[in-house]
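Asker: final31.cif (mmCIF, C-alpha atoms) pasted underneath:
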```
data_target
#
loop_
_atom_site.group_PDB
_atom_site.id
_atom_site.type_symbol
_atom_site.label_atom_id
_atom_site.label_comp_id
_atom_site.auth_asym_id
_atom_site.auth_seq_id
_atom_site.Cartn_x
_atom_site.Cartn_y
_atom_site.Cartn_z
ATOM 1 C CA MET A 1 68.438 71.286 165.118
ATOM 2 C CA GLY A 2 68.589 67.498 165.108
ATOM 3 C CA HIS A 3 71.502 65.251 165.789
ATOM 4 C CA TYR A 4 72.857 62.279 163.933
ATOM 5 C CA LEU A 5 72.990 58.677 165.004
ATOM 6 C CA ASP A 6 75.966 57.367 163.072
ATOM 7 C CA VAL A 7 76.609 53.613 163.245
ATOM 8 C CA HIS A 8 78.270 51.101 160.981
ATOM 9 C CA ARG A 9 75.570 49.314 159.040
ATOM 10 C CA GLY A 10 77.549 46.266 158.002
ATOM 11 C CA PHE A 11 76.202 42.892 159.112
ATOM 12 C CA LEU A 12 72.887 44.279 160.357
ATOM 13 C CA PRO A 13 70.007 41.808 159.876
ATOM 14 C CA ASP A 14 68.105 42.380 156.651
ATOM 15 C CA LYS A 15 64.415 41.806 155.899
ATOM 16 C CA THR A 16 64.930 38.111 155.152
ATOM 17 C CA GLU A 17 66.773 37.474 158.401
ATOM 18 C CA ILE A 18 64.241 39.405 160.492
ATOM 19 C CA SER A 19 61.466 37.269 158.994
ATOM 20 C CA ARG A 20 63.476 34.139 159.813
ATOM 21 C CA LEU A 21 63.973 35.331 163.380
ATOM 22 C CA GLU A 22 60.241 35.910 163.749
ATOM 23 C CA ALA A 23 59.552 32.355 162.594
ATOM 24 C CA GLN A 24 62.233 31.040 164.948
ATOM 25 C CA ALA A 25 60.650 32.963 167.806
ATOM 26 C CA ALA A 26 57.324 31.251 167.112
ATOM 27 C CA HIS A 27 58.996 27.883 167.770
ATOM 28 C CA ILE A 28 60.519 29.241 170.996
ATOM 29 C CA ARG A 29 57.095 30.402 172.169
ATOM 30 C CA ALA A 30 55.504 27.055 171.375
ATOM 31 C CA ALA A 31 58.183 25.185 173.303
ATOM 32 C CA GLN A 32 57.863 27.516 176.293
ATOM 33 C CA ARG A 33 54.102 27.133 176.411
ATOM 34 C CA SER A 34 54.349 23.373 176.195
ATOM 35 C CA ARG A 35 56.817 23.182 179.103
ATOM 36 C CA SER A 36 54.853 25.576 181.285
ATOM 37 C CA ALA A 37 51.348 24.271 180.590
ATOM 38 C CA GLU A 38 51.045 22.324 183.855
ATOM 39 C CA SER A 39 52.728 24.880 186.120
ATOM 40 C CA ASN A 40 50.992 27.880 184.479
ATOM 41 C CA ALA A 41 54.367 29.645 184.400
ATOM 42 C CA ASN A 42 53.254 31.687 181.426
ATOM 43 C CA GLU A 43 49.954 32.817 182.941
ATOM 44 C CA THR A 44 49.480 36.510 182.186
ATOM 45 C CA TYR A 45 45.839 36.898 183.109
ATOM 46 C CA SER A 46 44.142 38.959 185.807
ATOM 47 C CA ARG A 47 40.803 37.997 187.343
ATOM 48 C CA PHE A 48 38.109 40.622 187.172
ATOM 49 C CA LEU A 49 34.326 40.982 187.213
ATOM 50 C CA GLY A 50 32.324 41.859 184.117
ATOM 51 C CA ARG A 51 33.033 41.484 180.457
ATOM 52 C CA GLY A 52 36.327 39.923 179.470
ATOM 53 C CA ILE A 53 38.076 37.551 177.163
ATOM 54 C CA ASP A 54 37.507 34.165 178.814
ATOM 55 C CA PHE A 55 34.887 33.053 181.327
ATOM 56 C CA GLU A 56 36.564 31.620 184.426
ATOM 57 C CA GLU A 57 33.972 30.800 187.115
ATOM 58 C CA VAL A 58 30.804 31.712 188.997
ATOM 59 C CA ARG A 59 31.175 32.592 192.660
ATOM 60 C CA ALA A 60 29.123 34.034 195.499
ATOM 61 C CA TYR A 61 28.553 37.763 195.434
ATOM 62 C CA SER A 62 30.794 39.921 197.643
ATOM 63 C CA PRO A 63 30.093 43.536 198.680
ATOM 64 C CA GLY A 64 31.523 45.871 196.086
ATOM 65 C CA ASP A 65 31.170 43.469 193.140
ATOM 66 C CA ASP A 66 29.913 44.957 189.881
ATOM 67 C CA MET A 67 26.179 44.325 189.555
ATOM 68 C CA ARG A 68 26.625 43.981 185.800
ATOM 69 C CA ALA A 69 28.480 40.739 186.480
ATOM 70 C CA MET A 70 25.502 39.137 188.251
ATOM 71 C CA ASP A 71 24.635 35.622 187.097
ATOM 72 C CA TRP A 72 20.884 35.834 187.500
ATOM 73 C CA ARG A 73 20.255 32.239 186.515
ATOM 74 C CA VAL A 74 22.494 30.820 189.252
ATOM 75 C CA THR A 75 21.177 33.441 191.671
ATOM 76 C CA ALA A 76 17.585 32.340 191.019
ATOM 77 C CA ARG A 77 18.447 28.646 191.329
ATOM 78 C CA THR A 78 20.396 28.960 194.585
ATOM 79 C CA GLY A 79 18.511 31.806 196.169
ATOM 80 C CA LYS A 80 21.821 33.583 196.816
ATOM 81 C CA PRO A 81 23.476 36.259 194.639
ATOM 82 C CA HIS A 82 26.307 35.021 192.396
ATOM 83 C CA VAL A 83 28.557 36.806 189.924
ATOM 84 C CA LYS A 84 30.462 35.731 186.830
ATOM 85 C CA VAL A 85 34.234 36.037 186.925
ATOM 86 C CA TYR A 86 36.239 36.461 183.756
ATOM 87 C CA ARG A 87 39.921 36.648 183.103
ATOM 88 C CA GLU A 88 41.390 39.399 180.998
ATOM 89 C CA GLU A 89 44.761 39.334 179.326
ATOM 90 C CA ARG A 90 47.058 42.043 180.681
ATOM 91 C CA LEU A 91 48.807 43.964 177.969
ATOM 92 C CA ARG A 92 52.489 44.344 178.752
ATOM 93 C CA VAL A 93 55.166 46.717 177.536
ATOM 94 C CA MET A 94 58.761 45.619 177.044
ATOM 95 C CA MET A 95 61.508 48.188 176.617
ATOM 96 C CA LEU A 96 64.643 47.096 174.770
ATOM 97 C CA VAL A 97 67.581 49.298 175.759
ATOM 98 C CA ILE A 98 70.265 48.793 173.111
ATOM 99 C CA ASP A 99 73.777 50.171 173.389
ATOM 100 C CA VAL A 100 75.032 51.557 170.059
ATOM 101 C CA ALA A 101 78.304 52.987 171.386
ATOM 102 C CA GLY A 102 81.475 52.619 169.344
ATOM 103 C CA THR A 103 82.644 49.467 171.131
ATOM 104 C CA MET A 104 79.487 47.680 169.936
ATOM 105 C CA LEU A 105 80.650 48.014 166.327
ATOM 106 C CA PHE A 106 83.441 45.487 166.825
ATOM 107 C CA GLY A 107 83.265 41.993 165.375
ATOM 108 C CA SER A 108 86.104 39.628 164.577
ATOM 109 C CA GLU A 109 84.317 36.851 162.705
ATOM 110 C CA ARG A 110 80.722 36.445 161.627
ATOM 111 C CA THR A 111 79.127 39.665 162.786
ATOM 112 C CA THR A 112 79.410 42.748 164.982
ATOM 113 C CA LYS A 113 78.250 43.020 168.562
ATOM 114 C CA LEU A 114 75.619 45.548 167.496
ATOM 115 C CA ALA A 115 74.175 43.230 164.843
ATOM 116 C CA GLN A 116 74.029 40.400 167.380
ATOM 117 C CA ALA A 117 72.281 42.741 169.806
ATOM 118 C CA VAL A 118 69.641 43.493 167.165
ATOM 119 C CA ARG A 119 69.101 39.751 166.598
ATOM 120 C CA ALA A 120 68.720 39.169 170.326
ATOM 121 C CA ALA A 121 66.298 42.087 170.604
ATOM 122 C CA ALA A 122 64.186 40.771 167.727
ATOM 123 C CA LEU A 123 64.004 37.273 169.180
ATOM 124 C CA LEU A 124 63.058 38.663 172.589
ATOM 125 C CA ALA A 125 60.300 40.843 171.195
ATOM 126 C CA PHE A 126 58.851 38.124 169.000
ATOM 127 C CA SER A 127 59.114 35.235 171.473
ATOM 128 C CA VAL A 128 58.174 36.791 174.821
ATOM 129 C CA LEU A 129 55.188 38.968 174.106
ATOM 130 C CA ASN A 130 51.580 38.034 173.457
ATOM 131 C CA ARG A 131 49.276 39.454 170.858
ATOM 132 C CA GLY A 132 48.480 43.042 171.734
ATOM 133 C CA ASP A 133 51.599 43.566 173.851
ATOM 134 C CA ARG A 134 53.894 46.450 172.988
ATOM 135 C CA VAL A 135 57.640 46.899 172.495
ATOM 136 C CA GLY A 136 59.594 50.111 172.836
ATOM 137 C CA VAL A 137 63.248 50.733 172.022
ATOM 138 C CA LEU A 138 65.746 53.016 173.720
ATOM 139 C CA LEU A 139 69.010 53.503 171.861
ATOM 140 C CA ILE A 140 71.869 54.657 174.080
ATOM 141 C CA GLY A 141 75.397 55.701 173.225
ATOM 142 C CA ASP A 142 77.856 58.556 173.093
ATOM 143 C CA PHE A 143 75.184 60.785 171.548
ATOM 144 C CA GLY A 144 72.811 60.334 174.509
ATOM 145 C CA GLY A 145 69.573 58.440 174.136
ATOM 146 C CA PHE A 146 66.750 58.186 171.628
ATOM 147 C CA GLU A 147 63.443 56.478 172.430
ATOM 148 C CA VAL A 148 61.195 54.710 169.937
ATOM 149 C CA PRO A 149 57.707 54.725 171.513
ATOM 150 C CA PRO A 150 56.078 51.325 172.208
ATOM 151 C CA SER A 151 54.311 49.701 169.293
ATOM 152 C CA SER A 152 53.731 46.157 168.081
ATOM 153 C CA PRO A 153 56.802 43.879 168.213
ATOM 154 C CA SER A 154 57.095 43.820 164.424
ATOM 155 C CA GLU A 155 56.778 47.583 164.083
ATOM 156 C CA ALA A 156 59.328 48.196 166.839
ATOM 157 C CA ILE A 157 61.947 45.875 165.363
ATOM 158 C CA TRP A 158 61.500 47.236 161.853
ATOM 159 C CA ARG A 159 61.818 50.775 163.216
ATOM 160 C CA LEU A 160 65.009 49.748 165.033
ATOM 161 C CA VAL A 161 66.533 48.253 161.891
ATOM 162 C CA GLU A 162 65.451 51.291 159.874
ATOM 163 C CA LEU A 163 67.154 53.670 162.309
ATOM 164 C CA LEU A 164 70.396 51.700 162.303
ATOM 165 C CA SER A 165 70.350 51.166 158.535
ATOM 166 C CA THR A 166 69.682 54.767 157.535
ATOM 167 C CA ASP A 167 72.666 56.911 156.680
ATOM 168 C CA LYS A 168 72.860 59.406 159.563
ATOM 169 C CA PRO A 169 69.177 59.545 160.633
ATOM 170 C CA ASP A 170 68.193 62.933 162.034
ATOM 171 C CA ILE A 171 67.080 62.460 165.659
ATOM 172 C CA GLN A 172 66.569 64.494 168.826
ATOM 173 C CA PRO A 173 68.601 62.742 171.544
ATOM 174 C CA LEU A 174 68.190 63.287 175.275
ATOM 175 C CA PRO A 175 70.171 62.045 178.285
ATOM 176 C CA TRP A 176 69.300 58.363 178.332
ATOM 177 C CA GLY A 177 69.316 58.183 182.117
ATOM 178 C CA GLY A 178 66.429 60.643 182.180
ATOM 179 C CA LEU A 179 64.522 58.704 179.527
ATOM 180 C CA LEU A 180 64.922 55.480 181.509
ATOM 181 C CA ALA A 181 63.888 57.196 184.748
ATOM 182 C CA ALA A 182 60.755 58.613 183.103
ATOM 183 C CA MET A 183 59.434 55.187 182.087
ATOM 184 C CA PRO A 184 56.310 54.029 183.934
ATOM 185 C CA ARG A 185 56.973 51.638 186.798
ATOM 186 C CA GLY A 186 56.697 47.897 186.342
ATOM 187 C CA ARG A 187 57.808 47.606 182.724
ATOM 188 C CA MET A 188 59.988 44.780 181.517
ATOM 189 C CA VAL A 189 63.308 46.365 180.575
ATOM 190 C CA THR A 190 66.160 44.439 178.952
ATOM 191 C CA VAL A 191 69.481 46.218 178.565
ATOM 192 C CA ILE A 192 71.630 44.804 175.746
ATOM 193 C CA SER A 193 75.228 46.027 175.769
ATOM 194 C CA ASP A 194 78.847 44.971 175.984
ATOM 195 C CA PHE A 195 79.063 47.047 179.208
ATOM 196 C CA ILE A 196 82.495 48.296 178.187
ATOM 197 C CA ASP A 197 83.374 51.845 179.157
ATOM 198 C CA TRP A 198 80.455 52.067 181.595
ATOM 199 C CA GLY A 199 81.262 54.583 184.290
ATOM 200 C CA ASN A 200 79.708 55.197 187.689
ATOM 201 C CA GLU A 201 76.960 57.367 186.203
ATOM 202 C CA GLU A 202 75.771 54.601 183.874
ATOM 203 C CA TRP A 203 75.780 52.045 186.681
ATOM 204 C CA ARG A 204 73.864 54.385 189.008
ATOM 205 C CA THR A 205 71.262 54.785 186.282
ATOM 206 C CA LEU A 206 70.979 51.005 185.928
ATOM 207 C CA VAL A 207 70.651 50.450 189.689
ATOM 208 C CA SER A 208 67.987 53.146 189.919
ATOM 209 C CA ALA A 209 66.020 51.596 187.041
ATOM 210 C CA ALA A 210 66.231 48.151 188.661
ATOM 211 C CA SER A 211 64.385 49.502 191.696
ATOM 212 C CA ARG A 212 61.414 50.530 189.540
ATOM 213 C CA GLN A 213 61.369 48.085 186.637
ATOM 214 C CA GLN A 214 61.603 44.366 185.951
ATOM 215 C CA LEU A 215 65.151 44.707 184.698
ATOM 216 C CA PHE A 216 67.310 42.172 182.879
ATOM 217 C CA ALA A 217 70.678 42.513 181.179
ATOM 218 C CA MET A 218 72.378 40.763 178.284
ATOM 219 C CA GLN A 219 76.090 41.196 177.687
ATOM 220 C CA ILE A 220 77.245 40.920 174.072
ATOM 221 C CA TYR A 221 80.899 40.038 173.587
ATOM 222 C CA ASP A 222 83.260 38.899 170.844
ATOM 223 C CA PRO A 223 85.518 35.836 171.414
ATOM 224 C CA VAL A 224 88.599 37.920 170.639
ATOM 225 C CA GLU A 225 87.805 40.118 173.629
ATOM 226 C CA CYS A 226 88.316 37.261 176.083
ATOM 227 C CA ALA A 227 91.157 35.393 174.339
ATOM 228 C CA LEU A 228 93.434 37.325 171.998
ATOM 229 C CA PRO A 229 94.763 35.457 168.941
ATOM 230 C CA ASP A 230 98.415 35.696 167.912
ATOM 231 C CA ILE A 231 98.211 38.421 165.262
ATOM 232 C CA GLY A 232 101.131 40.643 166.227
ATOM 233 C CA LEU A 233 100.586 44.256 167.219
ATOM 234 C CA ALA A 234 96.906 45.080 167.691
ATOM 235 C CA ARG A 235 95.050 48.192 168.763
ATOM 236 C CA MET A 236 92.332 47.309 171.276
ATOM 237 C CA ALA A 237 89.659 49.187 173.205
ATOM 238 C CA GLY A 238 90.197 48.684 176.914
ATOM 239 C CA PHE A 239 87.355 47.754 179.254
ATOM 240 C CA ASP A 240 87.460 51.353 180.456
ATOM 241 C CA GLY A 241 87.061 52.567 176.880
ATOM 242 C CA VAL A 242 90.656 53.760 176.579
ATOM 243 C CA PRO A 243 92.387 52.287 173.473
ATOM 244 C CA PHE A 244 95.784 50.649 173.807
ATOM 245 C CA VAL A 245 98.245 48.643 171.710
ATOM 246 C CA VAL A 246 99.158 45.080 172.664
ATOM 247 C CA ASP A 247 101.722 42.725 171.138
ATOM 248 C CA THR A 248 99.616 39.585 170.758
ATOM 249 C CA GLY A 249 102.675 37.704 169.554
ATOM 250 C CA ARG A 250 103.881 37.594 173.182
ATOM 251 C CA ARG A 251 102.304 34.828 175.235
ATOM 252 C CA ARG A 252 102.568 36.812 178.463
ATOM 253 C CA ALA A 253 100.763 39.738 176.860
ATOM 254 C CA ARG A 254 97.913 37.454 175.793
ATOM 255 C CA GLU A 255 97.730 35.909 179.270
ATOM 256 C CA ALA A 256 97.697 39.337 180.912
ATOM 257 C CA TYR A 257 94.861 40.432 178.654
ATOM 258 C CA ALA A 258 92.899 37.250 179.428
ATOM 259 C CA GLU A 259 93.296 37.996 183.130
ATOM 260 C CA ARG A 260 91.963 41.509 182.594
ATOM 261 C CA TRP A 261 88.939 40.019 180.861
ATOM 262 C CA ARG A 262 88.284 37.684 183.815
ATOM 263 C CA GLU A 263 88.506 40.619 186.201
ATOM 264 C CA HIS A 264 86.089 42.575 183.999
ATOM 265 C CA GLU A 265 83.576 39.696 184.056
ATOM 266 C CA GLU A 266 83.875 39.312 187.812
ATOM 267 C CA ALA A 267 83.262 43.030 188.258
ATOM 268 C CA LEU A 268 80.170 42.812 186.041
ATOM 269 C CA SER A 269 78.860 39.877 188.054
ATOM 270 C CA ARG A 270 79.287 41.778 191.318
ATOM 271 C CA ARG A 271 77.555 44.874 189.979
ATOM 272 C CA PHE A 272 74.556 42.951 188.630
ATOM 273 C CA ALA A 273 74.270 40.915 191.817
ATOM 274 C CA ALA A 274 74.325 44.070 193.942
ATOM 275 C CA ALA A 275 71.548 45.569 191.791
ATOM 276 C CA GLY A 276 69.524 42.344 191.792
ATOM 277 C CA VAL A 277 69.613 42.195 187.992
ATOM 278 C CA PRO A 278 69.664 38.781 186.257
ATOM 279 C CA TRP A 279 72.118 38.771 183.367
ATOM 280 C CA TRP A 280 73.310 36.591 180.507
ATOM 281 C CA SER A 281 76.276 36.684 178.136
ATOM 282 C CA LEU A 282 75.956 36.138 174.403
ATOM 283 C CA SER A 283 78.875 35.756 172.012
ATOM 284 C CA THR A 284 78.849 37.100 168.471
ATOM 285 C CA ILE A 285 79.440 33.557 167.163
ATOM 286 C CA ASP A 286 76.662 31.888 169.179
ATOM 287 C CA ASP A 287 73.080 31.178 168.165
ATOM 288 C CA PRO A 288 71.128 33.780 170.144
ATOM 289 C CA SER A 289 67.973 31.656 170.232
ATOM 290 C CA VAL A 290 69.415 29.432 172.982
ATOM 291 C CA ASP A 291 69.964 32.285 175.436
ATOM 292 C CA ILE A 292 66.778 34.043 174.369
ATOM 293 C CA ALA A 293 64.777 30.904 175.122
ATOM 294 C CA ARG A 294 66.183 30.858 178.674
ATOM 295 C CA LEU A 295 65.613 34.561 179.231
ATOM 296 C CA GLY A 296 62.195 34.386 177.595
ATOM 297 C CA SER A 297 61.044 31.690 180.008
ATOM 298 C CA LEU A 298 61.839 34.004 182.900
ATOM 299 C CA LEU A 299 60.273 37.074 181.318
ATOM 300 C CA ARG A 300 57.011 35.295 180.565
ATOM 301 C CA ARG A 301 56.387 34.466 184.233
#
```
Using structure tokens, write down the structure that the file contains.
Answerer:
Amino acid sequence: MGHYLDVHRGFLPDKTEISRLEAQAAHIRAAQRSRSAESNANETYSRFLGRGIDFEEVRAYSPGDDMRAMDWRVTARTGKPHVKVYREERLRVMMLVIDVAGTMLFGSERTTKLAQAVRAAALLAFSVLNRGDRVGVLLIGDFGGFEVPPSSPSEAIWRLVELLSTDKPDIQPLPWGGLLAAMPRGRMVTVISDFIDWGNEEWRTLVSAASRQQLFAMQIYDPVECALPDIGLARMAGFDGVPFVVDTGRRRAREAYAERWREHEEALSRRFAAAGVPWWSLSTIDDPSVDIARLGSLLRR
């Protein structure tokens, strides 16, 4: 029997916005390539002998070289064996790990944290990867984990939006720690979450994944979570996931909450530093393209 992934579908990007994000990602890619042209920061090619995409050079033969790569013309002219060297584009796989837990459904102004996470994921997939690269999605939450196998960036993002937009899609979840551990080594993995209510088990899973993957993290937060407005009594989800009621009309209560937020951010910073995981924060009211451009530059190296 399947299980249900039940999320709030309000504010999720629609077809028009996804198309706009894809166009925006094209501009990000062009800017990144222009800046890195001289330093070759976006070089994703491997040198190999034989047939390939682009011819690179002719060099002297070395024992073990493929005879099919022999350049007989240069060999005849020089009297010494030479081979052709090509460069072949390496196809990469990016895994987008997206938290769909209940705390991600919060949003005080323009959108929810989950919707902003989907926008960030779309921009990452469209702006970082080359033609032929693949994107997979791993949804994590209270239900466990559900993996969308790698496919083209467009297919992966549309599948993600379809899953989150469907009324109670029937899925077969598994423990997401096991799914992350089973991924082949060396993949680019970006975890997008608010990192609220993460316990020791979740952090151990993240640290373990960081030892095997090229791991990055993006924290999604809402401005209200770091600075409460004066709205009277409010029911909030604590950083440990336990809900509580706070009187936002009291200045000291607001200041105490702001201090708790600072402590939460400092704890996050220490955990990511200890795991060697680069991380960024993205607000629900910010333009995600700015942070995605920065993260994309690093991922394309």
Asker: Could you state which residues are captured by the PyMOL selection byres ((chain A and resi 208) around 12) in this file, as a PyMOL selection string?
Answerer: chain A and resi 177-178+180-183+185+201-207+209-215+274-277
Asker: Can you tell me which residues surround region 255-260 of chain A at a distance of at most 9 Å, considering all atoms listed in the file, apart from same-chain residues fewer than 2 positions away, and format the answer as a short mmCIF file (atom, residue, chain, number, x, y, z; two decimals) with C-alpha atoms, in the frame of the given file?
Answerer:
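Produced file out16.cif, reproduced below:
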```cif
data_model
loop_
_atom_site.label_atom_id
_atom_site.label_comp_id
_atom_site.auth_asym_id
_atom_site.auth_seq_id
_atom_site.Cartn_x
_atom_site.Cartn_y
_atom_site.Cartn_z
CA GLU A 225 87.80 40.12 173.63
CA CYS A 226 88.32 37.26 176.08
CA ALA A 227 91.16 35.39 174.34
CA LEU A 228 93.43 37.33 172.00
CA PHE A 239 87.36 47.75 179.25
CA VAL A 246 99.16 45.08 172.66
CA ARG A 250 103.88 37.59 173.18
CA ARG A 251 102.30 34.83 175.24
CA ARG A 252 102.57 36.81 178.46
CA ALA A 253 100.76 39.74 176.86
CA ARG A 262 88.28 37.68 183.82
CA GLU A 263 88.51 40.62 186.20
CA HIS A 264 86.09 42.58 184.00
CA GLU A 265 83.58 39.70 184.06
#
```
Asker: Which value, in Å to one decimal, gives the distance between CA of Ser269 (chain A) and CA of Arg92 (chain A)?
Answerer: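 Between these atoms lies a distance of 28.3 Å.
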Asker: My list of candidates is A:Leu268, A:Trp198, A:Arg134, A:Phe143. Which is closest to Val93 (chain A) when distances are computed with only C-alpha atoms?
Answerer: A:Arg134
Asker: Identify, on the basis of only C-alpha atoms, every residue whose closest approach to Thr103 (chain A) does not exceed 12 Å; exclude the query and any residue fewer than 6 positions from it along the same chain; express the result as a list in words.
Answerer: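 The residues that qualify are Val7, His8, Thr112, Lys113, Leu114, Gly141, Asp142, Ser193, Asp194, Phe195, Ile196, Asp197, Trp198, Ile220, Tyr221, Asp222, Glu225, Met236, Ala237, Gly238, Phe239, Asp240, Gly241, Val242 and Pro243 of chain A.
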Asker: So, with all atoms listed in the file as the atoms that count, which of A:Glu147, A:Asp133, A:Asp99, A:Asp287 lies closest to Gln219 (chain A)?
Answerer: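 Looking at the shortest contact to Gln219 (chain A), the residue is A:Asp99.
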Asker: Work out how far apart CA of Leu139 (chain A) and CA of Arg159 (chain A) are and give it in Å to one decimal.
Answerer: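 Between CA of Leu139 (chain A) and CA of Arg159 (chain A) the gap works out to 11.6 Å.
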Asker: Suppose you want the space between CA of Leu105 (chain A) and CA of Trp280 (chain A); what is it in Å?
Answerer: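 Separating CA of Leu105 (chain A) from CA of Trp280 (chain A) is a distance of 19.6 Å.
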Asker: Step by step: locate region 67-83 of chain A in the block above, keep N, CA and C atoms, then write the file as a PDB file, in the first residue's frame.
Answerer:
```
ATOM      1  N   MET A  67      45.636   2.476 -29.810  1.00  0.00           N
ATOM      2  CA  MET A  67      46.165   2.549 -31.179  1.00  0.00           C
ATOM      3  C   MET A  67      45.172   3.201 -32.135  1.00  0.00           C
ATOM      4  N   ARG A  68      43.894   3.162 -31.794  1.00  0.00           N
ATOM      5  CA  ARG A  68      42.899   3.790 -32.664  1.00  0.00           C
ATOM      6  C   ARG A  68      43.032   5.300 -32.685  1.00  0.00           C
ATOM      7  N   ALA A  69      43.773   5.841 -31.705  1.00  0.00           N
ATOM      8  CA  ALA A  69      43.951   7.292 -31.643  1.00  0.00           C
ATOM      9  C   ALA A  69      45.198   7.750 -32.375  1.00  0.00           C
ATOM     10  N   MET A  70      45.898   6.831 -33.052  1.00  0.00           N
ATOM     11  CA  MET A  70      47.139   7.195 -33.738  1.00  0.00           C
ATOM     12  C   MET A  70      46.888   8.246 -34.816  1.00  0.00           C
ATOM     13  N   ASP A  71      47.745   9.253 -34.864  1.00  0.00           N
ATOM     14  CA  ASP A  71      47.719  10.235 -35.942  1.00  0.00           C
ATOM     15  C   ASP A  71      48.809   9.818 -36.928  1.00  0.00           C
ATOM     16  N   TRP A  72      48.399   9.070 -37.944  1.00  0.00           N
ATOM     17  CA  TRP A  72      49.373   8.482 -38.852  1.00  0.00           C
ATOM     18  C   TRP A  72      50.075   9.529 -39.700  1.00  0.00           C
ATOM     19  N   ARG A  73      49.420  10.615 -39.983  1.00  0.00           N
ATOM     20  CA  ARG A  73      50.038  11.655 -40.797  1.00  0.00           C
ATOM     21  C   ARG A  73      51.212  12.289 -40.058  1.00  0.00           C
ATOM     22  N   VAL A  74      50.984  12.666 -38.798  1.00  0.00           N
ATOM     23  CA  VAL A  74      52.066  13.259 -38.000  1.00  0.00           C
ATOM     24  C   VAL A  74      53.145  12.218 -37.718  1.00  0.00           C
ATOM     25  N   THR A  75      52.728  10.973 -37.507  1.00  0.00           N
ATOM     26  CA  THR A  75      53.698   9.903 -37.274  1.00  0.00           C
ATOM     27  C   THR A  75      54.622   9.735 -38.468  1.00  0.00           C
ATOM     28  N   ALA A  76      54.044   9.753 -39.686  1.00  0.00           N
ATOM     29  CA  ALA A  76      54.855   9.602 -40.894  1.00  0.00           C
ATOM     30  C   ALA A  76      55.786  10.795 -41.090  1.00  0.00           C
ATOM     31  N   ARG A  77      55.309  11.990 -40.780  1.00  0.00           N
ATOM     32  CA  ARG A  77      56.117  13.191 -41.001  1.00  0.00           C
ATOM     33  C   ARG A  77      57.278  13.289 -40.028  1.00  0.00           C
ATOM     34  N   THR A  78      57.045  12.883 -38.779  1.00  0.00           N
ATOM     35  CA  THR A  78      58.081  13.023 -37.744  1.00  0.00           C
ATOM     36  C   THR A  78      58.920  11.773 -37.560  1.00  0.00           C
ATOM     37  N   GLY A  79      58.409  10.658 -38.028  1.00  0.00           N
ATOM     38  CA  GLY A  79      59.126   9.409 -37.830  1.00  0.00           C
ATOM     39  C   GLY A  79      58.943   8.839 -36.440  1.00  0.00           C
ATOM     40  N   LYS A  80      58.106   9.455 -35.619  1.00  0.00           N
ATOM     41  CA  LYS A  80      57.828   8.993 -34.270  1.00  0.00           C
ATOM     42  C   LYS A  80      56.314   8.889 -34.078  1.00  0.00           C
ATOM     43  N   PRO A  81      55.859   7.869 -33.360  1.00  0.00           N
ATOM     44  CA  PRO A  81      54.396   7.687 -33.194  1.00  0.00           C
ATOM     45  C   PRO A  81      53.772   8.831 -32.385  1.00  0.00           C
ATOM     46  N   HIS A  82      52.638   9.319 -32.875  1.00  0.00           N
ATOM     47  CA  HIS A  82      51.866  10.367 -32.198  1.00  0.00           C
ATOM     48  C   HIS A  82      50.400   9.949 -32.147  1.00  0.00           C
ATOM     49  N   VAL A  83      49.698  10.450 -31.144  1.00  0.00           N
ATOM     50  CA  VAL A  83      48.278  10.154 -30.997  1.00  0.00           C
ATOM     51  C   VAL A  83      47.488  11.449 -30.893  1.00  0.00           C
TER      52      VAL A  83
END
```
